[in-house]
Protein chains: 2
Amino acid sequence: MSLRRGFEEDELRARVSRAQTLMNAQGIAAMLLTREPDVRYFTGFLTRFWESPSRPWFLVLPAMGDPIAVIPTIGEKLMAKTWLTDIRTWVSPDPVDDGVSLLADTLREVAGFDGRIGVPSGPETHLRMPLHSFAALQVLIAPLEITRAEGIMRTLRCIKSDAEISKISHACDIAGRAFSRVHEIAREGVSLEEVFRRFQMLCLEEGADWVPYLAGGAGPMGYDDVISPAGPEPLMAGDVLMLDTGLVWDGYFCDFDRNYAIGTPAPEAEAAHAQLVEAAHAGLEAAKPGMRASDLWQVLADICGVDESFGRLGHGLGMQLTEGLSLSYDCDDVLRAGMVITLEPGVQLPGGGIMVHEENVVIRPTGAEAITGFAKPKLPEL
Amino acid sequence: MSLRRGFEEDELRARVSRAQTLMNAQGIAAMLLTREPDVRYFTGFLTRFWESPSRPWFLVLPAMGDPIAVIPTIGEKLMAKTWLTDIRTWVSPDPVDDGVSLLADTLREVAGFDGRIGVPSGPETHLRMPLHSFAALQVLIAPLEITRAEGIMRTLRCIKSDAEISKISHACDIAGRAFSRVHEIAREGVSLEEVFRRFQMLCLEEGADWVPYLAGGAGPMGYDDVISPAGPEPLMAGDVLMLDTGLVWDGYFCDFDRNYAIGTPAPEAEAAHAQLVEAAHAGLEAAKPGMRASDLWQVLADICGVDESFGRLGHGLGMQLTEGLSLSYDCDDVLRAGMVITLEPGVQLPGGGIMVHEENVVIRPTGAEAITGFAKPKLPEL
């Protein structure tokens with residue numbers, strides 16, 4: 001718990017500088033950012049208040065100079081604790097003009113008469129402001145034009161700094177301790193609903209700031225899917241129980257899972273688990289800078305005996321539960337040092353069920369380094 | 001805990017039918033929904049998997065007939081458990097065509113050659129898909145046009161059914177029990193960070209499915225703001241501690257707070273708390289169908305001695321932490337039976353701090369009904 005929260009101003013400034021290099025290469029005079037992770041990436045502004053959809057928040061990143069926050073007054077004091085000095089506010093929600101004219105003035109100021117305004121528009125992005133406000137903004141800033149900036153934020157965010165890796169790794173440690181205590185909360189007769197509730201409590205007790213994500217499943221020959229909420233059905237002898245958590249420490253996620261057996265598992269489930277763990281180890285051995293994500297997918301898919309219809313077998317993570325590249329047959333992204341990714345092999349079991357397993361690794365210059373304590377082949381029995 | 005999860009199919013169908021009436025009145029052939037609460041509102045599709053930004057999800061609601069889900073394969077089995085029968089899937093994420101052509105085909109099928117496609121675009125909405133995909137979609141469906149549908153989802157969702165009110169009320173009960181146990185976790189010398197962690201554990205132990213939102217603050221003369229994350233500073237004698245939680249049960253939020261004193265509070269803080277509680281009671285007495293939100297704001301603002309620069313003093317809630325009307329000086333929305341709102345008075349204290357207080361009420365035909373156990377005027381001492 002002695003790990004420092006937040007980031008040094010130098011690191012945040014360096015992120016801005018790298019963004020500006022990419023913006024200049026694309027002829028973008030200013031970037032308009034509207035989503036929580038993008039705003040936080042440059043400012044360090046961390047709050048759970050984004051849970052409320054009622055107010056838009058804007059960060060304007062000029063091609064030269066410091067970012068400008070254009071935000072609701074309710075965020076002014078917290079934003080003033082970041083390194084930003086230019087903070088412009090309005091009382092939001094405003095049913096007539098919810099920050100749009102203030103934002104338009106700011107964009108005109110930094111983009112001049114003919115600059116192009118970039119808005120992230122590629123995979124995993126969206127515009128977090130009402131479409132009617134976006135239309136009004138475009139009228140107000142004309143003849144300035146908004147252009148789709150693809151890849152700038154993704155390129156920046158996919159490579160993690162040492163400070164970021166420490167936070168993700170710390171989140172992994174917390175979840176690892178919680179996983180090692182599942183025997184305290186799960187056994188035959190306890191409902192999956194109760195296990196979910198108690199597992200989140202374990203994550204918090206072990207040091208999580210909060211637990212935005214928990215999924216799981218249970219069944220004798222694997223589970224139906226990996227996204228369903230927990231139900232009231234009790235765990236039964238012979239079930240395989242899977243818990244997959246994305247908990248957060250200082251704004252950074254881990255994302256991995258563990259499988260358990262309730263009593264003695266079916267031989268097929270035991271074999272599947274060993275196969276999944278083997279695949280994760282093979283991924284750890286194989287992953288290195290320069291490798292294509294699709295080639296790493298192939299390593300996992302071959303061992304698991306699945307094809308592209310199974311879906312991806314891993315992905316990047318960091319400020320979001322999933323972000324960046326996909327380990328899938330058609331992802332040409334290349335692994336680079338500083339990426340943090342999940343290895344998430346999956347197998348089909350007889351009868352239609354599946355089993356999945358997930359570990360987190362950092363890509364280092366010479367290969368991959370585990371930041372989760374890789375699971376053993378044998379299913380832990382509860 | 002005997003409250004039933006989910007909704008009867010009849011209720012979900014009735015929601016569709018009401019939406020279609022509004023769509024027909026606006027000449028909309030199909031609605032395209034992309035956000036979690038909007039998709040869930042008609043389908044009952046509940047999963048925490050939306051935490052991952054990597055895949056778009058679509059619901060197409062035709063002006064006549066049942067909704068069509070156009071979703072990633074990873075959600076197929078769970079969506080098949082809802083009442084929907086027309087479920088179309090693709091393996092997502094797809095770097096080239098992430099559901100766009102499948103969605104375009106579906107929209108053309110239901111909207112014919114000249115129908116207008118409505119997309120929610122008013123306050124609190126956004127389009128949860130990449131802008132590059134949205135642009136590609138518009139090209140594919142031409143000459144069909146996408147129009148901004150303002151108010152349809154808001155009009156529908158702001159009036160809660162009895163089943164929805166039961167879920168919100170159940171969430172309030174859970175939080176109420178957690179608030180009554182704060183003496184177990186907070187005292188002089190304990191850090192706010194630790195209190196936040198332990199309070200989330202109490203919420204889970206008392207029955208929350210998860211705790212998406214927790215904010216708070218502490219200080220001898222109120223707190224700086226109400227959105228900051230907790231820090232490592234210990235609570236001190238004389239501090240006022242405020243905890244504000246949005247916990248979820250079966251997909252529905254409560255949103256209220258409680259203030260406590262660490263030892264003996266300053267007389268100003270004690271007086272401020274009494275004033276806040278008085279304001280909440282005045283709001284409970286005054287609120288009734290037909291009243292404008294701005295008039296209810298005035299009732300609270302007068303007692304608290306604040307003006308419009310303080311921000312809103314309450315809001316709707318339900319499937320989201322905040323949704324629907326605002327209790328603010330310029331919100332003309334009218335209270336209607338079936339709305340669930342927060343009363344959230346706030347006061348300024350000498351020295352620049354603030355104190356806030358929040359309760360949840362349902363608007364009934366004859367007036368407001370409390371669903372949180374209203375706080376007493378005297379600050380509970382820990």
# chains A, B, ... in the order shown; residues from 1 in each chain; ligands from 1
>>> residues_around(residues="Ile146 in chain B", least_positions_apart="6", cutoff="8 Å", atoms="only C-alpha atoms", output="list in words")
Arg116, Ile117, Gly118, Val119 and Gln138 of chain B
>>> write_last_selection(atoms="N, CA, C and O atoms", output="compact mmCIF listing (two decimals), in the first residue's frame")
# COMPACT_ATOMS: atom_id res chain seq x y z
N ARG B 116 -37.38 6.99 -41.52
CA ARG B 116 -36.35 7.73 -40.77
C ARG B 116 -35.93 6.90 -39.57
O ARG B 116 -36.76 6.33 -38.86
N ILE B 117 -34.62 6.86 -39.33
CA ILE B 117 -34.06 6.12 -38.21
C ILE B 117 -33.79 7.10 -37.08
O ILE B 117 -33.00 8.03 -37.25
N GLY B 118 -34.39 6.87 -35.93
CA GLY B 118 -34.18 7.77 -34.80
C GLY B 118 -33.04 7.31 -33.90
O GLY B 118 -32.92 6.12 -33.61
N VAL B 119 -32.22 8.26 -33.48
CA VAL B 119 -31.15 7.97 -32.53
C VAL B 119 -31.30 8.96 -31.36
O VAL B 119 -31.40 10.16 -31.59
N GLN B 138 -24.03 5.32 -42.00
CA GLN B 138 -24.85 6.29 -42.74
C GLN B 138 -24.68 6.13 -44.24
O GLN B 138 -25.64 6.28 -45.00
>>> interface_residues(of="chain B", to="chain A", cutoff="6 Å", atoms="only C-alpha atoms", output="MDAnalysis selection string")
chainID B and resid 47 49 52:54 121:122 124:126 128:132 197 201 204 227:229 321:322
>>> select_by_dssp(residues="range 107-185 of chain B", states="alpha helix (DSSP H)", output="PyMOL selection string")
chain B and resi 107-111+131-141+152-157+162-179
>>> atom_distance(atom1="CA of Ser166 in chain A", atom2="CA of His357 in chain A")
22.8 Å
>>> residues_around(residues="Ala30 in chain B", least_positions_apart="6", cutoff="10 Å", atoms="only C-alpha atoms", output="MDAnalysis selection string")
chainID B and resid 20 23:24 59:64 67 107:108 110:112 115:119 146
>>> closest_residue(among="A:Pro377, A:Gly44, A:Gly351, A:Gly318", to="Leu247 in chain A", atoms="only C-alpha atoms")
A:Gly318
>>> atom_distance(atom1="CA of Met291 in chain B", atom2="CA of Pro345 in chain B")
17.7 Å
>>> residues_around(residues="range 159-162 of chain B", least_positions_apart="3", cutoff="7 Å", atoms="only C-alpha atoms", output="ChimeraX atom specification")
/B:156,165-166,338-339
>>> closest_residue(among="A:Leu343, A:Ala29, A:Val277, A:Val334", to="Trp297 in chain A", atoms="only C-alpha atoms")
A:Leu343
>>> closest_residue(among="B:Gly352, B:Pro143, B:Gly151, B:Gly6", to="Gly251 in chain B", atoms="only C-alpha atoms")
B:Gly6
>>> atom_distance(atom1="CA of Gln348 in chain A", atom2="CA of Ser294 in chain A")
20.2 Å
>>> closest_residue(among="B:Ala237, B:Leu103, B:Val362, B:Val195", to="Met221 in chain B", atoms="only C-alpha atoms")
B:Ala237
>>> residues_around(residues="range 9-15 of chain A", least_positions_apart="2", cutoff="6 Å", atoms="only C-alpha atoms", output="list in words")
Ser17, Arg18 and Phe42 of chain A
>>> select_by_dssp(residues="range 198-340 of chain A", states="strand (DSSP E)", output="compact mmCIF listing (two decimals) with all heavy atoms, in the first residue's frame")
# COMPACT_ATOMS: atom_id res chain seq x y z
N TRP A 210 -12.25 -0.01 -5.82
CA TRP A 210 -13.61 -0.44 -6.14
C TRP A 210 -13.56 -1.58 -7.12
O TRP A 210 -12.48 -1.93 -7.62
CB TRP A 210 -14.52 0.71 -6.58
CG TRP A 210 -14.16 1.46 -7.82
CD1 TRP A 210 -13.00 2.11 -8.07
CD2 TRP A 210 -14.99 1.68 -8.97
NE1 TRP A 210 -13.06 2.72 -9.29
CE2 TRP A 210 -14.26 2.48 -9.86
CE3 TRP A 210 -16.28 1.29 -9.30
CZ2 TRP A 210 -14.77 2.89 -11.10
CZ3 TRP A 210 -16.79 1.70 -10.53
CH2 TRP A 210 -16.04 2.49 -11.41
N VAL A 211 -14.72 -2.18 -7.35
CA VAL A 211 -14.79 -3.40 -8.17
C VAL A 211 -15.79 -3.17 -9.30
O VAL A 211 -16.95 -3.57 -9.20
CB VAL A 211 -15.20 -4.62 -7.30
CG1 VAL A 211 -15.04 -5.90 -8.12
CG2 VAL A 211 -14.35 -4.69 -6.03
N PRO A 212 -15.35 -2.53 -10.36
CA PRO A 212 -16.29 -2.23 -11.45
C PRO A 212 -16.77 -3.46 -12.19
O PRO A 212 -17.85 -3.43 -12.77
CB PRO A 212 -15.46 -1.36 -12.41
CG PRO A 212 -14.30 -0.89 -11.64
CD PRO A 212 -14.03 -1.94 -10.59
N TYR A 213 -16.00 -4.52 -12.17
CA TYR A 213 -16.37 -5.66 -13.00
C TYR A 213 -16.20 -6.98 -12.27
O TYR A 213 -15.15 -7.24 -11.69
CB TYR A 213 -15.53 -5.69 -14.29
CG TYR A 213 -16.00 -6.75 -15.25
CD1 TYR A 213 -17.22 -6.61 -15.89
CD2 TYR A 213 -15.25 -7.89 -15.49
CE1 TYR A 213 -17.69 -7.60 -16.75
CE2 TYR A 213 -15.71 -8.87 -16.37
CZ TYR A 213 -16.93 -8.71 -16.98
OH TYR A 213 -17.40 -9.67 -17.84
N LEU A 214 -17.25 -7.78 -12.32
CA LEU A 214 -17.15 -9.16 -11.86
C LEU A 214 -18.09 -9.99 -12.72
O LEU A 214 -19.26 -9.64 -12.89
CB LEU A 214 -17.52 -9.30 -10.38
CG LEU A 214 -17.50 -10.75 -9.86
CD1 LEU A 214 -16.11 -11.37 -9.96
CD2 LEU A 214 -17.99 -10.81 -8.42
N ALA A 215 -17.56 -11.04 -13.27
CA ALA A 215 -18.38 -11.99 -14.03
C ALA A 215 -17.99 -13.37 -13.56
O ALA A 215 -17.03 -13.54 -12.79
CB ALA A 215 -18.15 -11.83 -15.52
N GLY A 216 -18.69 -14.37 -14.04
CA GLY A 216 -18.35 -15.73 -13.65
C GLY A 216 -19.42 -16.68 -14.10
O GLY A 216 -20.37 -16.30 -14.80
N GLY A 217 -19.23 -17.91 -13.71
CA GLY A 217 -20.21 -18.93 -14.09
C GLY A 217 -19.89 -20.20 -13.34
O GLY A 217 -18.84 -20.32 -12.70
N ALA A 218 -20.81 -21.14 -13.40
CA ALA A 218 -20.60 -22.42 -12.74
C ALA A 218 -21.39 -23.50 -13.45
O ALA A 218 -22.48 -23.25 -13.97
CB ALA A 218 -21.03 -22.34 -11.28
N GLY A 219 -20.82 -24.69 -13.47
CA GLY A 219 -21.51 -25.83 -14.08
C GLY A 219 -20.58 -27.02 -14.08
O GLY A 219 -19.36 -26.86 -13.98
N VAL A 240 -17.69 -26.67 -11.84
CA VAL A 240 -16.54 -25.79 -11.99
C VAL A 240 -17.04 -24.37 -11.80
O VAL A 240 -18.03 -23.97 -12.41
CB VAL A 240 -15.90 -25.93 -13.39
CG1 VAL A 240 -14.79 -24.90 -13.56
CG2 VAL A 240 -15.37 -27.33 -13.59
N LEU A 241 -16.39 -23.64 -10.91
CA LEU A 241 -16.75 -22.25 -10.63
C LEU A 241 -15.67 -21.35 -11.22
O LEU A 241 -14.49 -21.57 -10.97
CB LEU A 241 -16.82 -22.02 -9.11
CG LEU A 241 -16.81 -20.57 -8.62
CD1 LEU A 241 -18.11 -19.86 -9.00
CD2 LEU A 241 -16.61 -20.51 -7.10
N MET A 242 -16.09 -20.36 -12.01
CA MET A 242 -15.13 -19.39 -12.54
C MET A 242 -15.52 -17.99 -12.07
O MET A 242 -16.68 -17.61 -12.14
CB MET A 242 -15.12 -19.45 -14.08
CG MET A 242 -14.06 -18.58 -14.75
SD MET A 242 -14.56 -16.84 -14.99
CE MET A 242 -15.88 -17.05 -16.20
N LEU A 243 -14.53 -17.24 -11.59
CA LEU A 243 -14.72 -15.84 -11.22
C LEU A 243 -13.71 -15.00 -11.99
O LEU A 243 -12.52 -15.33 -12.01
CB LEU A 243 -14.51 -15.64 -9.71
CG LEU A 243 -15.51 -16.34 -8.79
CD1 LEU A 243 -15.05 -16.23 -7.34
CD2 LEU A 243 -16.91 -15.74 -8.96
N ASP A 244 -14.19 -13.94 -12.62
CA ASP A 244 -13.36 -13.09 -13.48
C ASP A 244 -13.57 -11.65 -13.00
O ASP A 244 -14.67 -11.12 -13.11
CB ASP A 244 -13.83 -13.26 -14.93
CG ASP A 244 -13.03 -12.40 -15.91
OD1 ASP A 244 -12.09 -11.70 -15.49
OD2 ASP A 244 -13.36 -12.44 -17.11
N THR A 245 -12.52 -11.02 -12.50
CA THR A 245 -12.72 -9.68 -11.95
C THR A 245 -11.85 -8.62 -12.60
O THR A 245 -10.71 -8.87 -12.98
CB THR A 245 -12.49 -9.64 -10.42
OG1 THR A 245 -13.04 -8.42 -9.91
CG2 THR A 245 -11.01 -9.69 -10.06
N GLY A 246 -12.44 -7.46 -12.74
CA GLY A 246 -11.72 -6.25 -13.10
C GLY A 246 -11.86 -5.31 -11.93
O GLY A 246 -12.84 -4.57 -11.84
N LEU A 247 -10.89 -5.36 -11.02
CA LEU A 247 -10.93 -4.40 -9.91
C LEU A 247 -9.95 -3.28 -10.21
O LEU A 247 -9.06 -3.42 -11.06
CB LEU A 247 -10.65 -5.09 -8.57
CG LEU A 247 -9.27 -5.71 -8.31
CD1 LEU A 247 -8.19 -4.67 -8.02
CD2 LEU A 247 -9.37 -6.68 -7.14
N VAL A 248 -10.13 -2.18 -9.49
CA VAL A 248 -9.36 -0.98 -9.79
C VAL A 248 -8.57 -0.52 -8.58
O VAL A 248 -9.07 -0.54 -7.45
CB VAL A 248 -10.34 0.14 -10.23
CG1 VAL A 248 -9.68 1.51 -10.13
CG2 VAL A 248 -10.82 -0.09 -11.65
N TRP A 249 -7.32 -0.15 -8.84
CA TRP A 249 -6.54 0.55 -7.83
C TRP A 249 -5.99 1.83 -8.48
O TRP A 249 -5.31 1.75 -9.52
CB TRP A 249 -5.38 -0.30 -7.29
CG TRP A 249 -4.75 0.36 -6.09
CD1 TRP A 249 -5.18 0.33 -4.80
CD2 TRP A 249 -3.59 1.22 -6.10
NE1 TRP A 249 -4.39 1.10 -4.00
CE2 TRP A 249 -3.40 1.67 -4.77
CE3 TRP A 249 -2.73 1.68 -7.10
CZ2 TRP A 249 -2.36 2.54 -4.42
CZ3 TRP A 249 -1.70 2.55 -6.74
CH2 TRP A 249 -1.52 2.96 -5.40
N TYR A 252 -6.56 2.10 -12.25
CA TYR A 252 -6.03 1.09 -13.17
C TYR A 252 -6.60 -0.29 -12.84
O TYR A 252 -6.69 -0.66 -11.67
CB TYR A 252 -4.49 1.09 -13.16
CG TYR A 252 -3.97 2.23 -14.01
CD1 TYR A 252 -3.99 3.54 -13.51
CD2 TYR A 252 -3.57 2.03 -15.32
CE1 TYR A 252 -3.59 4.61 -14.30
CE2 TYR A 252 -3.17 3.09 -16.11
CZ TYR A 252 -3.18 4.38 -15.60
OH TYR A 252 -2.80 5.43 -16.39
N PHE A 253 -6.93 -1.00 -13.90
CA PHE A 253 -7.57 -2.30 -13.80
C PHE A 253 -6.58 -3.46 -13.79
O PHE A 253 -5.53 -3.39 -14.46
CB PHE A 253 -8.46 -2.55 -15.03
CG PHE A 253 -9.83 -1.93 -14.97
CD1 PHE A 253 -10.03 -0.62 -15.40
CD2 PHE A 253 -10.91 -2.65 -14.51
CE1 PHE A 253 -11.30 -0.06 -15.37
CE2 PHE A 253 -12.18 -2.10 -14.48
CZ PHE A 253 -12.37 -0.80 -14.91
N PHE A 256 -8.37 -10.61 -14.65
CA PHE A 256 -8.06 -12.03 -14.80
C PHE A 256 -9.04 -12.88 -14.00
O PHE A 256 -9.88 -12.36 -13.25
CB PHE A 256 -6.60 -12.34 -14.46
CG PHE A 256 -6.17 -12.19 -13.03
CD1 PHE A 256 -5.91 -13.31 -12.24
CD2 PHE A 256 -5.97 -10.95 -12.47
CE1 PHE A 256 -5.47 -13.19 -10.92
CE2 PHE A 256 -5.54 -10.81 -11.14
CZ PHE A 256 -5.29 -11.93 -10.38
N ASP A 257 -8.97 -14.17 -14.21
CA ASP A 257 -9.96 -15.05 -13.61
C ASP A 257 -9.28 -16.25 -12.94
O ASP A 257 -8.08 -16.45 -13.08
CB ASP A 257 -10.98 -15.53 -14.66
CG ASP A 257 -10.38 -16.51 -15.66
OD1 ASP A 257 -9.33 -17.13 -15.37
OD2 ASP A 257 -10.95 -16.66 -16.75
N ARG A 258 -10.06 -17.00 -12.22
CA ARG A 258 -9.62 -18.26 -11.64
C ARG A 258 -10.79 -19.25 -11.68
O ARG A 258 -11.94 -18.85 -11.52
CB ARG A 258 -9.16 -18.08 -10.19
CG ARG A 258 -7.80 -17.37 -10.05
CD ARG A 258 -6.67 -18.22 -10.58
NE ARG A 258 -5.36 -17.56 -10.52
CZ ARG A 258 -4.79 -16.94 -11.57
NH1 ARG A 258 -5.43 -16.86 -12.73
NH2 ARG A 258 -3.60 -16.40 -11.45
N ASN A 259 -10.45 -20.51 -11.92
CA ASN A 259 -11.41 -21.60 -11.89
C ASN A 259 -11.19 -22.44 -10.64
O ASN A 259 -10.05 -22.61 -10.19
CB ASN A 259 -11.24 -22.50 -13.11
CG ASN A 259 -11.75 -21.84 -14.39
OD1 ASN A 259 -12.94 -21.92 -14.70
ND2 ASN A 259 -10.87 -21.20 -15.13
N TYR A 260 -12.28 -22.97 -10.10
CA TYR A 260 -12.25 -23.82 -8.91
C TYR A 260 -13.18 -25.00 -9.15
O TYR A 260 -14.10 -24.90 -9.95
CB TYR A 260 -12.74 -23.06 -7.68
CG TYR A 260 -11.98 -21.78 -7.42
CD1 TYR A 260 -12.35 -20.59 -8.05
CD2 TYR A 260 -10.88 -21.74 -6.57
CE1 TYR A 260 -11.65 -19.41 -7.83
CE2 TYR A 260 -10.17 -20.58 -6.34
CZ TYR A 260 -10.56 -19.40 -6.98
OH TYR A 260 -9.86 -18.24 -6.77
N ALA A 261 -12.93 -26.07 -8.44
CA ALA A 261 -13.87 -27.20 -8.49
C ALA A 261 -14.58 -27.30 -7.15
O ALA A 261 -13.96 -27.15 -6.09
CB ALA A 261 -13.11 -28.50 -8.79
N VAL A 340 0.49 -3.91 -21.74
CA VAL A 340 -0.01 -4.86 -20.74
C VAL A 340 -1.21 -5.55 -21.38
O VAL A 340 -2.12 -4.87 -21.87
CB VAL A 340 -0.42 -4.17 -19.44
CG1 VAL A 340 -0.94 -5.19 -18.43
CG2 VAL A 340 0.76 -3.39 -18.86
